[in-house]
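Remarks on the structure that follows.
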Amino acid sequence: MKRRLIPRGLGTRLVVGFLLVSALSALTTAALTFRQARSAILDRARDGAVHDVRAQVSSLAPDLPARPVEADLRALTLQLNRSAGARGWRTAAAYRGGRPVTADAPAPALPDRLPAAASSATTALTQRFHHDGRPWLAIALPVTSADAPAKPSGLVVYVSFSLASQQHDVTSLIAAARAGVLPVVLAAAVPALLAARRVLRPVRQLRSAAENMAGGALDTRIHIAGRDELADLGRTFNTMAATLQADAQTLRDMEAKARRFAADVSHELRTPLAAMTAVTDVLDEDAGAGRLDPETSEALTLVADETRKLTRLVEDLMEISRFDAGAARLNLDEVDIGEVLRHTLALRHWQDRADIDVPGPGPRARLDPRRIDVVLANLIGNALRHGGAPGGRVRVRARDIGDRLIITVADNGRGIPPELLPHVFDRFTKGDAARARSEGSGLGLAIAAENARLHGGTLTAANAPGGGAVFTLTLPRLPA
């Protein structure tokens, strides 16, 4: 696994960035200071040497003949070497482009190009070079005529000396610069930590507030101090939190009103629906006895069917209202799952359309028989309606696995469309959205899922690999 050079933490990155900037600043300052100091040291050595050589030559030049010969040049360089002092320079002299002459060995070290450049120069020339691995400075000083100071006399004096002492001073500067960077970086660590802590404090507060809001505490606000960008971010967060809280409260109020309206309407419809059902049942008997003409009988059948559908819808709405209000309760009883399954099928005359696979004797558990019957009826009824061709069979299987009771209901249909699968337990969701009207209300699976949760279990839906839908009801085996 590839490791990051810079850690992900914002605080660590701030400190590292601050230290890098401090180190870069210290190095840049040290480099500029070193460059200026090095130039000053070398320039001072050059200027001092040129001044001393010029002073010595000026004092000795009047004693030279107008046309000095080699012996005169040797005498001149001998006197110049004796006046070298601490610099320890070596000198040579040349007249009108001749070979440089020195008084004694060793001859001064000179760069190759300096004599050629000095033959036509009117002012002192200097050049730094390396000799035997050490830095040296060479000076070419044209001597002017005493009668015409601006006119070269043809005599050139060469001086060279080692810059070892100056190089030692430069090396000391480099060591001092290097030694000074580390304390600067270490000293910068303290303000870096303080700055990172000051910057990250509001960020941590903002993160904590966001986590609280994600947990449902919409009344969370953060304390704002200052007028910088982080303070502006905090104000924006508080404004957003206030807006979300207001919107959430509005939605809760609207949802509560909608639930209360559904519950009230369902309750108010029960009485007239009961009367309508009683009347349609009496008229059904007359139609069955042949006491009504065919058109009236057909219309009566339609009214009776729609009344039964409306009655089921009202009952489902009232059941959903109980779940929303937290009024749903369990009436637990120890039951045999096999008997509950057979009772559910027999009550709705589905015995010949379902295959039950329950090990005998069937698993026993403490459940609410009525609510489990509602769950099973919804699952098996959906499987029979949407499970393929008319007359198709549904497979119901119950197993006792550890402390869990697993019941599966599978059909041989086309399965659940993938886009519908995540929403199959949502309210008013139907398997075929293209049908404007269907026998179901769209609340059956939602009620089944609520009953499963009320028991502390789960209800899931999936498509079988070989085709068809599979609903799995998982229930805990509650202790007796």
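Chains: A, B, ... in order of the structure tokens. Residues: from 1 per chain. Ligands: from 1, in order shown.
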
_Distance query region 128-141 of chain A at most 9 Å, only C-alpha atoms, self and fewer than 3 positions along chain excluded, as an NGL selection string_ = :A and (45-46 or 49-50 or 53-54 or 57 or 108-111 or 114-115 or 117-118 or 121-125 or 155-164 or 167)

*Running DSSP on the backbone, which parts of region 286-454 of chain A land in strand (DSSP E), as a PyMOL selection string?*
chain A and resi 333-336+354-357+364-367+394-401+404-410

*Residues near Arg395 (chain A), cut-off 10 Å, only C-alpha atoms, skip fewer than 4 positions along chain, as a PyMOL selection string*: chain A and resi 353-357+380+383+408-412+470

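The neighbours of region 62-67 of chain A here are the residues that come within 12 Å of it, using only C-alpha atoms and leaving out any residue fewer than 4 positions away in the same chain; they are Gln56, Val57, Ser58, Ala71, Asp72, Leu73, Arg74, Ala75, Leu76, Thr77, Ala94, Tyr95, Arg96, Val143, Thr144, Ser145, Ala146, Asp147, Ser153, Gly154 and Leu155 of chain A.
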
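CA of His423 (chain A) is positioned 14.2 Å from CA of Ala469 (chain A).
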
*Could you name the residues that touch Gly442 (chain A) at 10 Å or less, counting only C-alpha atoms, but leaving out those on the same chain fewer than 5 positions away, as a PyMOL selection string?*
chain A and resi 313+316+424-431+447

Keeping N, CA and C atoms, export the residues of the selection given above as an mmCIF file, in the first residue's frame.
data_model
loop_
_atom_site.group_PDB
_atom_site.id
_atom_site.type_symbol
_atom_site.label_atom_id
_atom_site.label_comp_id
_atom_site.auth_asym_id
_atom_site.auth_seq_id
_atom_site.Cartn_x
_atom_site.Cartn_y
_atom_site.Cartn_z
ATOM 1 N N LEU A 313 -59.695 -0.818 1.867
ATOM 2 C CA LEU A 313 -58.823 0.359 1.878
ATOM 3 C C LEU A 313 -58.952 1.119 3.183
ATOM 4 N N ASP A 316 -57.196 -0.770 5.897
ATOM 5 C CA ASP A 316 -55.735 -0.624 5.774
ATOM 6 C C ASP A 316 -55.278 0.754 6.235
ATOM 7 N N VAL A 424 -40.499 -1.549 -2.797
ATOM 8 C CA VAL A 424 -41.611 -2.477 -2.788
ATOM 9 C C VAL A 424 -42.425 -2.392 -1.493
ATOM 10 N N PHE A 425 -41.797 -1.954 -0.395
ATOM 11 C CA PHE A 425 -42.505 -1.850 0.878
ATOM 12 C C PHE A 425 -42.968 -0.422 1.172
ATOM 13 N N ASP A 426 -42.813 0.480 0.212
ATOM 14 C CA ASP A 426 -43.326 1.838 0.399
ATOM 15 C C ASP A 426 -44.844 1.833 0.287
ATOM 16 N N ARG A 427 -45.440 2.801 0.923
ATOM 17 C CA ARG A 427 -46.897 2.877 0.891
ATOM 18 C C ARG A 427 -47.403 3.274 -0.493
ATOM 19 N N PHE A 428 -48.529 2.667 -0.868
ATOM 20 C CA PHE A 428 -49.198 2.924 -2.151
ATOM 21 C C PHE A 428 -48.317 2.561 -3.348
ATOM 22 N N THR A 429 -47.381 1.625 -3.134
ATOM 23 C CA THR A 429 -46.573 1.117 -4.240
ATOM 24 C C THR A 429 -47.236 -0.138 -4.786
ATOM 25 N N LYS A 430 -47.418 -0.169 -6.121
ATOM 26 C CA LYS A 430 -48.052 -1.315 -6.758
ATOM 27 C C LYS A 430 -47.092 -1.935 -7.749
ATOM 28 N N GLY A 431 -47.250 -3.244 -7.951
ATOM 29 C CA GLY A 431 -46.338 -3.963 -8.811
ATOM 30 C C GLY A 431 -46.437 -3.568 -10.262
ATOM 31 N N ILE A 447 -48.017 -2.624 5.353
ATOM 32 C CA ILE A 447 -48.571 -3.102 6.628
ATOM 33 C C ILE A 447 -47.840 -4.371 7.065
#

_When you count only C-alpha atoms, which of these residues is closest to Val203 (chain A): A:His223, A:Asp264, A:Ala398, A:Arg270?_
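Looking at the shortest contact to Val203 (chain A), the residue is A:His223.
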
*asked:* To one decimal place in Å, what is the distance between CA of Leu60 (chain A) and CA of Asp112 (chain A)?
replied: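 Computed distance, CA of Leu60 (chain A) to CA of Asp112 (chain A), equals 26.9 Å.
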
_Sel. of helix (DSSP H, G or I) residues, region 328-471 of chain A, as a ChimeraX atom specification_ = /A:337-347,351-353,369-386,421-423,444-454

Can you spit out the residues from that selection as a CSV table (one decimal), in the first residue's frame, using N, CA and C atoms?
chain,number,residue,atom,x,y,z
A,337,ILE,N,-46.4,-22.7,13.8
A,337,ILE,CA,-46.3,-21.9,12.6
A,337,ILE,C,-47.0,-22.7,11.5
A,338,GLY,N,-46.9,-24.0,11.5
A,338,GLY,CA,-47.6,-24.8,10.4
A,338,GLY,C,-49.1,-24.6,10.5
A,339,GLU,N,-49.7,-24.6,11.7
A,339,GLU,CA,-51.1,-24.4,11.9
A,339,GLU,C,-51.5,-23.0,11.4
A,340,VAL,N,-50.7,-22.0,11.7
A,340,VAL,CA,-51.0,-20.6,11.3
A,340,VAL,C,-51.0,-20.6,9.8
A,341,LEU,N,-50.1,-21.2,9.1
A,341,LEU,CA,-50.0,-21.2,7.7
A,341,LEU,C,-51.3,-21.8,7.1
A,342,ARG,N,-51.6,-23.0,7.6
A,342,ARG,CA,-52.8,-23.7,7.1
A,342,ARG,C,-54.1,-23.0,7.3
A,343,HIS,N,-54.1,-22.3,8.5
A,343,HIS,CA,-55.3,-21.5,8.8
A,343,HIS,C,-55.5,-20.4,7.8
A,344,THR,N,-54.3,-19.7,7.5
A,344,THR,CA,-54.4,-18.6,6.6
A,344,THR,C,-54.9,-19.0,5.2
A,345,LEU,N,-54.4,-20.1,4.7
A,345,LEU,CA,-54.8,-20.6,3.4
A,345,LEU,C,-56.2,-21.1,3.4
A,346,ALA,N,-56.6,-21.8,4.5
A,346,ALA,CA,-58.0,-22.3,4.5
A,346,ALA,C,-59.0,-21.1,4.6
A,347,LEU,N,-58.7,-20.1,5.4
A,347,LEU,CA,-59.6,-19.0,5.6
A,347,LEU,C,-59.9,-18.3,4.2
A,351,GLN,N,-55.9,-23.4,-0.4
A,351,GLN,CA,-55.2,-24.6,-0.1
A,351,GLN,C,-54.7,-25.3,-1.3
A,352,ASP,N,-55.4,-25.2,-2.4
A,352,ASP,CA,-55.0,-25.9,-3.6
A,352,ASP,C,-54.1,-25.1,-4.5
A,353,ARG,N,-53.7,-23.9,-4.0
A,353,ARG,CA,-52.8,-23.1,-4.9
A,353,ARG,C,-51.5,-22.8,-4.2
A,369,PRO,N,-51.0,-14.0,16.5
A,369,PRO,CA,-51.5,-14.8,15.4
A,369,PRO,C,-52.2,-13.9,14.4
A,370,ARG,N,-53.0,-12.9,14.8
A,370,ARG,CA,-53.7,-12.1,13.9
A,370,ARG,C,-52.8,-11.3,13.0
A,371,ARG,N,-51.8,-10.7,13.6
A,371,ARG,CA,-50.8,-9.9,12.7
A,371,ARG,C,-50.0,-10.8,11.8
A,372,ILE,N,-49.6,-11.9,12.3
A,372,ILE,CA,-48.8,-12.8,11.4
A,372,ILE,C,-49.7,-13.3,10.3
A,373,ASP,N,-51.0,-13.5,10.6
A,373,ASP,CA,-52.0,-13.9,9.5
A,373,ASP,C,-52.1,-12.8,8.5
A,374,VAL,N,-52.1,-11.5,8.9
A,374,VAL,CA,-52.1,-10.4,8.0
A,374,VAL,C,-50.9,-10.4,7.1
A,375,VAL,N,-49.7,-10.6,7.7
A,375,VAL,CA,-48.4,-10.7,6.9
A,375,VAL,C,-48.5,-11.8,5.9
A,376,LEU,N,-48.8,-13.0,6.3
A,376,LEU,CA,-48.8,-14.1,5.4
A,376,LEU,C,-49.9,-14.0,4.3
A,377,ALA,N,-51.0,-13.4,4.7
A,377,ALA,CA,-52.1,-13.2,3.7
A,377,ALA,C,-51.7,-12.3,2.6
A,378,ASN,N,-51.0,-11.2,3.0
A,378,ASN,CA,-50.5,-10.2,2.0
A,378,ASN,C,-49.4,-10.8,1.1
A,379,LEU,N,-48.5,-11.6,1.7
A,379,LEU,CA,-47.4,-12.1,0.9
A,379,LEU,C,-48.0,-13.2,-0.1
A,380,ILE,N,-48.8,-14.1,0.4
A,380,ILE,CA,-49.3,-15.2,-0.4
A,380,ILE,C,-50.3,-14.6,-1.4
A,381,GLY,N,-51.1,-13.6,-1.0
A,381,GLY,CA,-52.0,-13.0,-2.0
A,381,GLY,C,-51.3,-12.3,-3.1
A,382,ASN,N,-50.2,-11.6,-2.8
A,382,ASN,CA,-49.5,-10.9,-3.8
A,382,ASN,C,-48.8,-12.0,-4.8
A,383,ALA,N,-48.3,-13.0,-4.2
A,383,ALA,CA,-47.7,-14.1,-5.0
A,383,ALA,C,-48.7,-14.7,-5.9
A,384,LEU,N,-49.9,-14.9,-5.5
A,384,LEU,CA,-50.9,-15.5,-6.3
A,384,LEU,C,-51.4,-14.6,-7.4
A,385,ARG,N,-51.5,-13.2,-7.1
A,385,ARG,CA,-51.9,-12.3,-8.1
A,385,ARG,C,-50.9,-12.0,-9.2
A,386,HIS,N,-49.6,-11.9,-8.7
A,386,HIS,CA,-48.5,-11.5,-9.6
A,386,HIS,C,-47.5,-12.6,-9.9
A,421,LEU,N,-37.8,-2.7,-6.9
A,421,LEU,CA,-37.4,-3.5,-5.8
A,421,LEU,C,-37.0,-2.7,-4.5
A,422,PRO,N,-36.3,-1.5,-4.6
A,422,PRO,CA,-36.0,-0.8,-3.4
A,422,PRO,C,-37.2,-0.1,-2.7
A,423,HIS,N,-38.3,0.0,-3.5
A,423,HIS,CA,-39.5,0.7,-3.0
A,423,HIS,C,-40.7,-0.2,-2.8
A,444,GLY,N,-50.7,-3.1,1.4
A,444,GLY,CA,-50.6,-4.4,2.0
A,444,GLY,C,-49.1,-4.8,2.4
A,445,LEU,N,-48.2,-4.6,1.5
A,445,LEU,CA,-46.8,-4.9,1.9
A,445,LEU,C,-46.2,-3.9,2.9
A,446,ALA,N,-46.7,-2.7,2.9
A,446,ALA,CA,-46.3,-1.7,3.9
A,446,ALA,C,-46.8,-2.1,5.3
A,447,ILE,N,-48.0,-2.6,5.4
A,447,ILE,CA,-48.6,-3.1,6.6
A,447,ILE,C,-47.8,-4.4,7.1
A,448,ALA,N,-47.5,-5.3,6.1
A,448,ALA,CA,-46.8,-6.5,6.5
A,448,ALA,C,-45.4,-6.1,7.0
A,449,ALA,N,-44.7,-5.2,6.4
A,449,ALA,CA,-43.4,-4.8,6.9
A,449,ALA,C,-43.5,-4.2,8.3
A,450,GLU,N,-44.6,-3.4,8.6
A,450,GLU,CA,-44.7,-2.8,9.9
A,450,GLU,C,-45.0,-3.9,10.9
A,451,ASN,N,-45.8,-4.9,10.6
A,451,ASN,CA,-46.1,-6.0,11.5
A,451,ASN,C,-44.8,-6.8,11.8
A,452,ALA,N,-44.0,-7.0,10.8
A,452,ALA,CA,-42.7,-7.7,11.0
A,452,ALA,C,-41.9,-6.9,12.0
A,453,ARG,N,-41.7,-5.5,11.8
A,453,ARG,CA,-40.9,-4.7,12.7
A,453,ARG,C,-41.5,-4.7,14.1
A,454,LEU,N,-42.8,-4.7,14.2
A,454,LEU,CA,-43.5,-4.7,15.5
A,454,LEU,C,-43.1,-6.0,16.3

*Near Gln205 (chain A), within 10 Å and counting only C-alpha atoms, which residues show up once chain neighbours fewer than 3 positions away are dropped, as number ranges by chain?*
A: 200-202, 208-211, 221-224, 234

Could you give me, as CSV, every region 114-206 of chain A residue with an atom at most 10 Å from region 31-36 of chain A, plus its closest atom pair and distance in Å to one decimal, counting only C-alpha atoms, rows ordered by chain then number?
residue,atom,partner,partner_atom,distance
A:Val170,CA,A:Phe34,CA,7.9
A:Thr171,CA,A:Phe34,CA,9.8
A:Leu173,CA,A:Phe34,CA,6.5
A:Ile174,CA,A:Phe34,CA,6.9
A:Ala176,CA,A:Phe34,CA,9.5
A:Ala177,CA,A:Phe34,CA,7.5
A:Arg178,CA,A:Ala31,CA,9.7

Take the selection from the previous step and output its residues with N, CA and C atoms, as a JSON list (two decimals), in the first residue's frame.
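Listing of part30.json after writing:
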[["chain", "number", "residue", "atom", "x", "y", "z"],
["A", 170, "VAL", "N", 34.27, 32.28, 4.22],
["A", 170, "VAL", "CA", 33.03, 31.91, 3.50],
["A", 170, "VAL", "C", 32.51, 30.57, 4.00],
["A", 171, "THR", "N", 33.41, 29.61, 4.23],
["A", 171, "THR", "CA", 32.99, 28.31, 4.75],
["A", 171, "THR", "C", 32.35, 28.45, 6.13],
["A", 173, "LEU", "N", 30.74, 31.02, 7.14],
["A", 173, "LEU", "CA", 29.39, 31.58, 6.89],
["A", 173, "LEU", "C", 28.40, 30.49, 6.50],
["A", 174, "ILE", "N", 28.82, 29.56, 5.65],
["A", 174, "ILE", "CA", 27.93, 28.47, 5.24],
["A", 174, "ILE", "C", 27.54, 27.62, 6.45],
["A", 176, "ALA", "N", 27.49, 28.55, 9.56],
["A", 176, "ALA", "CA", 26.60, 29.33, 10.43],
["A", 176, "ALA", "C", 25.19, 29.39, 9.85],
["A", 177, "ALA", "N", 25.09, 29.51, 8.51],
["A", 177, "ALA", "CA", 23.76, 29.55, 7.89],
["A", 177, "ALA", "C", 23.03, 28.23, 8.08],
["A", 178, "ARG", "N", 23.74, 27.13, 7.89],
["A", 178, "ARG", "CA", 23.12, 25.82, 8.09],
["A", 178, "ARG", "C", 22.68, 25.62, 9.53]]

*A:Leu218, A:Leu473, A:Ala61, A:Leu302 ranked by distance to Asp247 (chain A), top pick (using only C-alpha atoms)*: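 Distance minimum relative to Asp247 (chain A) lands on A:Leu218.
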
*From the list A:Val185, A:Leu459, A:Ser119, A:Arg87, which residue is nearest Gly48 (chain A) when using only C-alpha atoms?*
A:Arg87

*What is the distance between CA of Asp284 (chain A) and CA of Leu317 (chain A), in Å to one decimal?*
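Value for the CA of Asp284 (chain A)-CA of Leu317 (chain A) distance: 26.6 Å.
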